[in-house]
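Read through the structure below, which is laid out as structure tokens, and then see the notes.
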Amino acid sequence: MQKSRTLSAFSPTAFAGQRGSLPGSVWRAAERISHPGLDLRVLVAVGLGGILVSLAALALSGVAGRWDVGLLASGVALLSSAGLIGGLILHGKRQAHVLDQSLLTAALEASLHARAISDKKGNLLCANSAYLRLFEGRMPAPCDYGADGPDNAAKLKQIFTGLKKTARGKGEFEFSAEEGKTSFFVTARSSGRYVIWTLPIASNRSLLKDAEFYARQSLESGLAAMNMGLTLLDQKGRMCYLSPTLAEMVGEDTAADLRDKPVGALIDRDAGIFTAGILKGRDVEFYRLPLPGDNEGEPTGVYLLLRPITVPDEKPAPVETTSADLANIFDQAPIAMATVGNTGALRAFNKSFCKLVPEGSAQKGQPLAELIDKADRREFEIRLKAAISGLPPALPFDVHLACEKPTIVQVYFGFRQTEDGPGAVLYWLDLTEQKSLELQFVQAQKMQAVGQLAGGVAHDFNNLLTAIIGFSDLLLMRHSAGDQSFSDIMQVKQNANRAANLVRQLLAFSRQQTLRPKILIVTDVLAEISNLVRRLIGENIELKMVHGRSLGAVKVDQGQLEQVLINLAVNARDAMPDGGTLSIRTANIDHHQAAELDHSIMPASEYVMIEVADTGAGISQKNREKVFEPFFTTKEVGQGTGLGLSTVYGIVKQTGGFIFVDSEEGRGAVFRIYLPTHRESEKETGAAASRKEQESKAKDLTGKETILIVEDEEPVRMFAVRALQNKGYKVLEAVSGEEGLEIVKSYDGAIDLMISDVIMPGMDGPTLVAEAQQIRPKTKIIFISGYAEDAIRKNLSDHKYSFLPKPFSLKRLAEEVRDILEEK
């Protein structure tokens with residue numbers, strides 16, 4: 001085949017020669033003027049120039065009185081105008097042809113088949129991308145189809161003859177390719193001045209890659225799931241493609257032999273059976289799916305969908321189910337089931353039902369409603385009667401069973417007709433654990449919501465209290481104990497400390513307070529607070545303490561643990577107004593004992609248990625579910641805040657422990673706390689010894705170092721500046737992170753310590769510290785905040801720092817500063 005011409009767009013000459021309604025001489029002149037080498041600007045300039053020159057000549061002729069010259073000038077102006085108009089018309093037609101070209105190109109690309117458009121002589125004007133793939137990147141003109149051998153030339157001549165007579169033609173051509181001869185059908189159809197050439201996809205061996213891709217993308221994945229094979233037939237009924245599923249059905253070797261053979265080599269369509277491969281002789285069902293037609297509307301190929309029909313050799317013998325089988329199925333069912341007669345009395349129940357209700361409580365002939373708690377019994381009886389009457393099943397119903405251990409079940413009702421008359425069948429689902437988890441989830445959400453509120457309120461209060469306590473300390477430095485104002489100032493400070501304790505309780509139940517845990521033995525803590533507990537509970541209540549032997553150590557905040565024990569003791573006292581006994585017992589709990597406790601939320605491990613029991617009025621079941629909720633109290637107005645037990649719960653949970661309550665009305669209450677046993681490391685042992693050595697020395701809280709304080713709350717900043725100046729330090733101050741960073745950059749001397757608030761408008765404390773330590777890496781850091789350290793830890797710097805929670809006193813501030821500055 002000769003080298004083909006390659007065109008990527010319409011040839012502009014294909015549309016040349018079209019004329020409008022102007023005279024022929026004028027059109028030819030315009031056509032010459034608007035030659036493709038001249039652009040529109042030249043055309044306009046020449047036309048307008050001719051008109052202007054003619055008008056000037058006409059004006060001069062009028063002045064000179066030469067009317068013959070004026071007549072000649074008018075003719076030149078007319079011809080220039082006609083040429084200009086003709087050129088503009090031709091330019092407009094060319095622009096329209098460019099639009100036609102874009103529309104035709106889009107229409108060709110929408111076709112699945114390879115298509116091309118030529119003029120009457122077969123010169124290629126445009127083609128789609130399928131045509132380009134067919135000829136491996138070349139775009140031969142249809143007039144060149146006959147160049148590859150005499151047979152092709154004769155067929156091309158036959159096509160052009162058909163186009164002249166009937167505007168249609170077709171033929172099969174063979175071309176030389178890299179992989180040998182390739183053949184395909186060509187159909188042509190004349191349309192006005194153009195010829196549309198179509199090369200159907202299913203009839204061309206070189207387009208099999210397109211066919212396989214189309215088949216895989218469109219059909220193969222879905223057909224494989226339905227155990228269906230697919231083959232693609234060309235216009236002569238030859239199989240040019242077999243899908244992987246079909247090849248697997250008949251065998252890979254057979255599939256390779258069947259390619260390019262008639263479909264009859266695979267199936268007998270009349271008999272409906274396979275004729276080759278592994279499935280030979282098997283019944284088959286098939287479906288035909290014609291491909292889109294060519295220019296003459298004839299199908300260009302057919303998809304044939306095939307599926308083998310599986311016919312069992314013989315029908316399986318019916319399985320006979322005996323009454324014994326049904327009884328066994330009923331008894332072994334994992335769901336609790338029970339049947340009743342028309343009176344609502346139990347007729348039958350399975351093993352799962354016996355496990356659900358109290359042992360021995362289910363008896364045949366017993367009214368089923370007796371097993372339901374009294375609060376739900378009336379509603380249960382109404383629904384049961386409706387089911388026995390044959391009414392449509394109602395929605396499932398949640399009821400409490402009448403048993404000591406709270407058990408919630410969901411009951412489904414269904415009608416049951418027996419030989420003795422109507423009855424009902426009931427299905428029971430145990431929801432006890434699910435309901436318990438739901439209550440825990442609701443409780444956790446409530447605690448989280450109140451905790452978030454409490455945390456925000458506590459932050460603002462802590463800023464105020466820091467200023468009140470701090471300035472009280474400054475005033476006390478100027479007034480001796482005998483001064484009249486001394487007692488007044490002490491009252492201010494003491495009440496501020498009480499307010500600070502209330503804030504700590506708010507943070508405690510929300511688990512947001514800052515803990516300072518250390519390794520303790522619970523026995524030692526109880527010994528220290530035993531006298532205080534005795535004074536709190538009064539003389540009419542006996543205090544018993546039973547200490548476990550060889551108790552393990554725990555790592556807790558001692559002040560918070562003391563708060564827990566005091567709160568429990570005060571609650572026990574209030575529950576025994578007429579006197580009684582308060583018992584505090586401790587013990588070690590090992591892995592096995594923890595597992596036997598059957599507390600699902602507490603993992604089996606080693607714990608130290610603290611049990612606080614009283615002989616008071618006890619707690620009802622309804623109130624027992626709410627005792628740890630914040631602001632819940634059964635005391636009269638003004639006698640309690642409702643934060644006692646919620647504070648206990650928060651402290652224990654934040655420490656990593658667990659607390660449970662066991663109580664009934666009239667039988668007292670028992671609170672058991674489980675704290676994880678701590679195994680002390682060598683590093684912790686050394687640190688504890690060093691700490692004791694430092695505590696034994698009298699500490700000097702003065703200094704001469706330079707300290708930068710960054711705090712946006714003015715009262716807090718003023719107190720801290722004055723307090724540290726009184727101790728001899730040189731103090732720099734800033735009201736924002738930005739101002740603090742500017743001081744870090746511009747200050748000439750050393751800055752030994754930076755004290756910064758964490759949350760500030762604009763640049764916050766951690767950002768300030770990160771920037772400052774790039775400039776002054778040796779500067780030590782103390783963060784101060786009204787929020788707990790745990791609540792803002794993710795915002796704190798990765799560098800080493802100390803944390804001082806608000807509110808703090810003058811002494812506490814001075815001690816923290818001295819400790820940090822002396823660290824090596």
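By order of appearance in the structure tokens: chains A, B, ..., then residues from 1 within every chain, and ligands from 1 in the order shown.
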
For segment 411-416 of chain A, work out the shell of residues within 8 Å, counting only C-alpha atoms and skipping chain neighbours fewer than 5 positions away, then give it as a tab-separated table (two decimals) with all heavy atoms, in the first residue's frame.
chain	number	residue	atom	x	y	z
A	383	ARG	N	-51.66	-6.68	75.11
A	383	ARG	CA	-51.01	-7.09	73.85
A	383	ARG	C	-51.13	-8.60	73.64
A	383	ARG	O	-51.28	-9.07	72.52
A	383	ARG	CB	-49.55	-6.66	73.84
A	383	ARG	CG	-49.36	-5.14	73.74
A	383	ARG	CD	-47.90	-4.76	73.90
A	383	ARG	NE	-47.71	-3.32	73.78
A	383	ARG	CZ	-47.19	-2.70	72.72
A	383	ARG	NH1	-46.80	-3.42	71.68
A	383	ARG	NH2	-47.06	-1.40	72.69
A	384	LEU	N	-51.04	-9.37	74.72
A	384	LEU	CA	-51.14	-10.82	74.60
A	384	LEU	C	-52.54	-11.23	74.14
A	384	LEU	O	-52.71	-12.10	73.28
A	384	LEU	CB	-50.80	-11.47	75.95
A	384	LEU	CG	-50.85	-12.99	75.99
A	384	LEU	CD1	-49.88	-13.59	74.97
A	384	LEU	CD2	-50.52	-13.50	77.40
A	387	ALA	N	-52.96	-10.66	70.48
A	387	ALA	CA	-52.28	-11.67	69.67
A	387	ALA	C	-53.11	-12.96	69.62
A	387	ALA	O	-53.24	-13.59	68.56
A	387	ALA	CB	-50.89	-11.94	70.22
A	388	ILE	N	-53.69	-13.37	70.74
A	388	ILE	CA	-54.50	-14.58	70.77
A	388	ILE	C	-55.75	-14.42	69.93
A	388	ILE	O	-56.24	-15.37	69.31
A	388	ILE	CB	-54.87	-14.92	72.24
A	388	ILE	CG1	-53.60	-15.26	73.03
A	388	ILE	CG2	-55.86	-16.07	72.30
A	388	ILE	CD1	-53.84	-15.44	74.52
A	389	SER	N	-56.27	-13.20	69.83
A	389	SER	CA	-57.48	-12.93	69.03
A	389	SER	C	-57.20	-12.92	67.53
A	389	SER	O	-58.12	-12.80	66.74
A	389	SER	CB	-58.08	-11.59	69.44
A	389	SER	OG	-58.40	-11.58	70.82
A	390	GLY	N	-55.92	-13.02	67.14
A	390	GLY	CA	-55.58	-13.05	65.72
A	390	GLY	C	-55.40	-11.69	65.10
A	390	GLY	O	-55.34	-11.58	63.86
A	391	LEU	N	-55.35	-10.64	65.91
A	391	LEU	CA	-55.12	-9.30	65.36
A	391	LEU	C	-53.70	-9.21	64.79
A	391	LEU	O	-52.81	-9.98	65.19
A	391	LEU	CB	-55.31	-8.25	66.45
A	391	LEU	CG	-56.73	-8.12	67.02
A	391	LEU	CD1	-56.76	-7.09	68.14
A	391	LEU	CD2	-57.70	-7.74	65.92
A	393	PRO	N	-49.89	-8.52	64.21
A	393	PRO	CA	-48.87	-8.39	65.26
A	393	PRO	C	-48.55	-6.93	65.55
A	393	PRO	O	-48.39	-6.12	64.64
A	393	PRO	CB	-47.65	-9.12	64.66
A	393	PRO	CG	-48.22	-10.02	63.61
A	393	PRO	CD	-49.44	-9.33	63.07
A	394	ALA	N	-48.49	-6.62	66.85
A	394	ALA	CA	-48.13	-5.26	67.26
A	394	ALA	C	-46.61	-5.11	67.21
A	394	ALA	O	-45.87	-6.06	67.01
A	394	ALA	CB	-48.66	-5.00	68.67
A	395	LEU	N	-46.16	-3.88	67.40
A	395	LEU	CA	-44.73	-3.65	67.45
A	395	LEU	C	-44.14	-4.34	68.67
A	395	LEU	O	-44.83	-4.58	69.66
A	395	LEU	CB	-44.46	-2.14	67.53
A	395	LEU	CG	-44.85	-1.32	66.30
A	395	LEU	CD1	-44.67	0.17	66.57
A	395	LEU	CD2	-44.04	-1.74	65.09
A	396	PRO	N	-42.84	-4.71	68.63
A	396	PRO	CA	-42.23	-5.35	69.79
A	396	PRO	C	-42.35	-4.46	71.03
A	396	PRO	O	-42.37	-3.24	70.94
A	396	PRO	CB	-40.77	-5.55	69.36
A	396	PRO	CG	-40.58	-4.75	68.14
A	396	PRO	CD	-41.90	-4.57	67.51
A	397	PHE	N	-42.41	-5.11	72.18
A	397	PHE	CA	-42.74	-4.43	73.43
A	397	PHE	C	-41.63	-4.72	74.45
A	397	PHE	O	-41.26	-5.88	74.67
A	397	PHE	CB	-44.09	-4.96	73.93
A	397	PHE	CG	-44.54	-4.41	75.26
A	397	PHE	CD1	-44.44	-3.05	75.54
A	397	PHE	CD2	-45.06	-5.24	76.23
A	397	PHE	CE1	-44.85	-2.54	76.75
A	397	PHE	CE2	-45.49	-4.75	77.45
A	397	PHE	CZ	-45.38	-3.39	77.70
A	398	ASP	N	-41.07	-3.66	75.07
A	398	ASP	CA	-40.02	-3.81	76.08
A	398	ASP	C	-40.66	-3.90	77.45
A	398	ASP	O	-41.46	-3.04	77.84
A	398	ASP	CB	-39.06	-2.62	76.05
A	398	ASP	CG	-38.25	-2.56	74.76
A	398	ASP	OD1	-38.34	-3.51	73.97
A	398	ASP	OD2	-37.54	-1.55	74.55
A	399	VAL	N	-40.31	-4.96	78.21
A	399	VAL	CA	-40.86	-5.16	79.55
A	399	VAL	C	-39.75	-5.55	80.51
A	399	VAL	O	-38.69	-6.05	80.10
A	399	VAL	CB	-41.95	-6.26	79.55
A	399	VAL	CG1	-43.13	-5.86	78.69
A	399	VAL	CG2	-41.38	-7.60	79.11
A	422	PRO	N	-57.31	-21.18	69.49
A	422	PRO	CA	-56.30	-20.14	69.23
A	422	PRO	C	-55.35	-19.98	70.41
A	422	PRO	O	-55.69	-20.28	71.56
A	422	PRO	CB	-57.14	-18.89	69.02
A	422	PRO	CG	-58.39	-19.14	69.80
A	422	PRO	CD	-58.66	-20.62	69.69
A	423	GLY	N	-54.17	-19.51	70.10
A	423	GLY	CA	-53.16	-19.24	71.11
A	423	GLY	C	-52.17	-18.23	70.57
A	423	GLY	O	-52.46	-17.50	69.61
A	424	ALA	N	-51.01	-18.19	71.16
A	424	ALA	CA	-50.00	-17.23	70.72
A	424	ALA	C	-48.62	-17.81	70.96
A	424	ALA	O	-48.42	-18.65	71.85
A	424	ALA	CB	-50.15	-15.90	71.45
A	425	VAL	N	-47.67	-17.35	70.13
A	425	VAL	CA	-46.26	-17.68	70.32
A	425	VAL	C	-45.52	-16.38	70.58
A	425	VAL	O	-45.79	-15.36	69.94
A	425	VAL	CB	-45.69	-18.43	69.10
A	425	VAL	CG1	-45.84	-17.61	67.82
A	425	VAL	CG2	-44.23	-18.79	69.33
A	426	LEU	N	-44.62	-16.40	71.55
A	426	LEU	CA	-43.89	-15.19	71.95
A	426	LEU	C	-42.39	-15.45	71.83
A	426	LEU	O	-41.89	-16.50	72.24
A	426	LEU	CB	-44.23	-14.79	73.38
A	426	LEU	CG	-45.68	-14.33	73.64
A	426	LEU	CD1	-46.58	-15.54	73.96
A	426	LEU	CD2	-45.73	-13.32	74.77
A	427	TYR	N	-41.69	-14.47	71.29
A	427	TYR	CA	-40.23	-14.52	71.14
A	427	TYR	C	-39.64	-13.43	72.03
A	427	TYR	O	-40.09	-12.28	72.02
A	427	TYR	CB	-39.83	-14.29	69.68
A	427	TYR	CG	-40.52	-15.22	68.71
A	427	TYR	CD1	-41.74	-14.85	68.14
A	427	TYR	CD2	-39.98	-16.44	68.38
A	427	TYR	CE1	-42.39	-15.71	67.25
A	427	TYR	CE2	-40.61	-17.30	67.49
A	427	TYR	CZ	-41.83	-16.92	66.93
A	427	TYR	OH	-42.46	-17.77	66.05
A	428	TRP	N	-38.59	-13.80	72.79
A	428	TRP	CA	-38.05	-12.91	73.82
A	428	TRP	C	-36.57	-12.62	73.54
A	428	TRP	O	-35.77	-13.55	73.37
A	428	TRP	CB	-38.16	-13.54	75.20
A	428	TRP	CG	-39.52	-14.09	75.52
A	428	TRP	CD1	-40.13	-15.17	74.96
A	428	TRP	CD2	-40.45	-13.57	76.46
A	428	TRP	NE1	-41.37	-15.38	75.48
A	428	TRP	CE2	-41.60	-14.39	76.43
A	428	TRP	CE3	-40.44	-12.50	77.35
A	428	TRP	CZ2	-42.71	-14.18	77.23
A	428	TRP	CZ3	-41.54	-12.29	78.16
A	428	TRP	CH2	-42.66	-13.11	78.10
A	429	LEU	N	-36.22	-11.34	73.51
A	429	LEU	CA	-34.82	-10.92	73.32
A	429	LEU	C	-34.35	-10.22	74.58
A	429	LEU	O	-35.00	-9.28	75.06
A	429	LEU	CB	-34.68	-9.98	72.12
A	429	LEU	CG	-35.06	-10.53	70.76
A	429	LEU	CD1	-34.90	-9.45	69.70
A	429	LEU	CD2	-34.19	-11.72	70.40

Env of segment 254-269 of chain A: 6 Å cut, atoms = only C-alpha atoms, seq-sep filter 6 positions within chain, self excluded. Answer as a list in words. Gly237, Arg238, Met239, Cys240, Ala247, Thr275, Ala276 and Gly277 of chain A

Determine, counting only C-alpha atoms, which protein, DNA and RNA residues have an atom within 12 Å of an atom of His479 of chain A; residues of the same chain fewer than 6 positions away are not included. Present the result as number ranges by chain. A: 472-473, 485-490

Contacts of Met545 of chain A within 12 Å, only C-alpha atoms, excl. fewer than 6 positions in-chain, as a ChimeraX atom specification: /A:523,526-527,529-531,533-534,581-587,610-613

Output the selection as a CSV table (one decimal), in the first residue's frame - C-alpha atoms for each residue.
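Written output follows (part_15.csv):
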chain,number,residue,atom,x,y,z
A,523,THR,CA,-2.9,3.0,104.8
A,526,LEU,CA,-6.1,6.9,106.0
A,527,ALA,CA,-4.0,7.3,109.1
A,529,ILE,CA,-7.1,11.9,107.9
A,530,SER,CA,-8.6,9.5,110.5
A,531,ASN,CA,-8.9,12.3,113.1
A,533,VAL,CA,-13.0,12.0,109.6
A,534,ARG,CA,-13.9,11.4,113.3
A,581,THR,CA,-21.4,2.6,111.9
A,582,LEU,CA,-19.0,3.9,109.2
A,583,SER,CA,-16.6,1.2,108.0
A,584,ILE,CA,-13.5,1.9,105.9
A,585,ARG,CA,-11.7,-1.3,104.7
A,586,THR,CA,-8.8,-1.8,102.3
A,587,ALA,CA,-7.5,-4.9,100.5
A,610,ILE,CA,-11.0,1.0,99.4
A,611,GLU,CA,-14.5,0.1,100.7
A,612,VAL,CA,-16.6,2.8,102.5
A,613,ALA,CA,-19.8,1.3,104.0

Identify all residues of segment 480-543 of chain A in alpha helix (DSSP H) (DSSP on the backbone) and supply them as a VMD selection string. chain A and resid 484 to 509 522 to 537

Please produce a file of those selected residues containing C-alpha atoms, as a compact mmCIF listing (two decimals), in the first residue's frame.
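File part_30.txt, as written:
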# COMPACT_ATOMS: atom_id res chain seq x y z
CA GLN A 484 -6.96 45.41 112.78
CA SER A 485 -6.96 44.95 109.00
CA PHE A 486 -5.11 41.64 109.23
CA SER A 487 -8.21 39.60 110.17
CA ASP A 488 -10.27 41.30 107.45
CA ILE A 489 -7.71 40.44 104.80
CA MET A 490 -7.53 36.84 106.09
CA GLN A 491 -11.31 36.57 105.74
CA VAL A 492 -11.03 37.68 102.10
CA LYS A 493 -8.28 35.13 101.43
CA GLN A 494 -10.03 32.28 103.25
CA ASN A 495 -13.27 32.80 101.34
CA ALA A 496 -11.32 33.03 98.09
CA ASN A 497 -9.74 29.68 98.94
CA ARG A 498 -13.20 28.24 99.61
CA ALA A 499 -14.28 29.48 96.19
CA ALA A 500 -11.15 27.89 94.70
CA ASN A 501 -12.12 24.54 96.30
CA LEU A 502 -15.58 24.82 94.73
CA VAL A 503 -13.98 25.43 91.34
CA ARG A 504 -11.76 22.39 91.88
CA GLN A 505 -14.88 20.34 92.52
CA LEU A 506 -16.38 21.59 89.27
CA LEU A 507 -13.22 20.50 87.46
CA ALA A 508 -13.07 17.24 89.41
CA PHE A 509 -16.39 15.76 88.29
CA VAL A 522 -3.37 4.06 101.15
CA THR A 523 -2.93 2.99 104.77
CA ASP A 524 -0.75 6.07 105.40
CA VAL A 525 -3.34 8.39 103.84
CA LEU A 526 -6.13 6.93 106.00
CA ALA A 527 -4.02 7.30 109.12
CA GLU A 528 -3.44 11.01 108.37
CA ILE A 529 -7.11 11.85 107.86
CA SER A 530 -8.65 9.53 110.48
CA ASN A 531 -8.88 12.28 113.11
CA LEU A 532 -10.48 14.66 110.62
CA VAL A 533 -13.02 12.00 109.59
CA ARG A 534 -13.92 11.37 113.27
CA ARG A 535 -14.60 15.06 113.82
CA LEU A 536 -16.71 15.23 110.63
CA ILE A 537 -19.01 12.26 111.37

For the atom pair atom CA of Glu359 of chain A and atom CA of Glu433 of chain A, what is the interatomic distance in Å to one decimal place?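 Interatomic distance here is 19.4 Å.
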
For atom CA of Leu289 of chain A and atom CA of Gly169 of chain A, determine how far apart the two atoms are, in Å to one decimal place. 26.0 Å
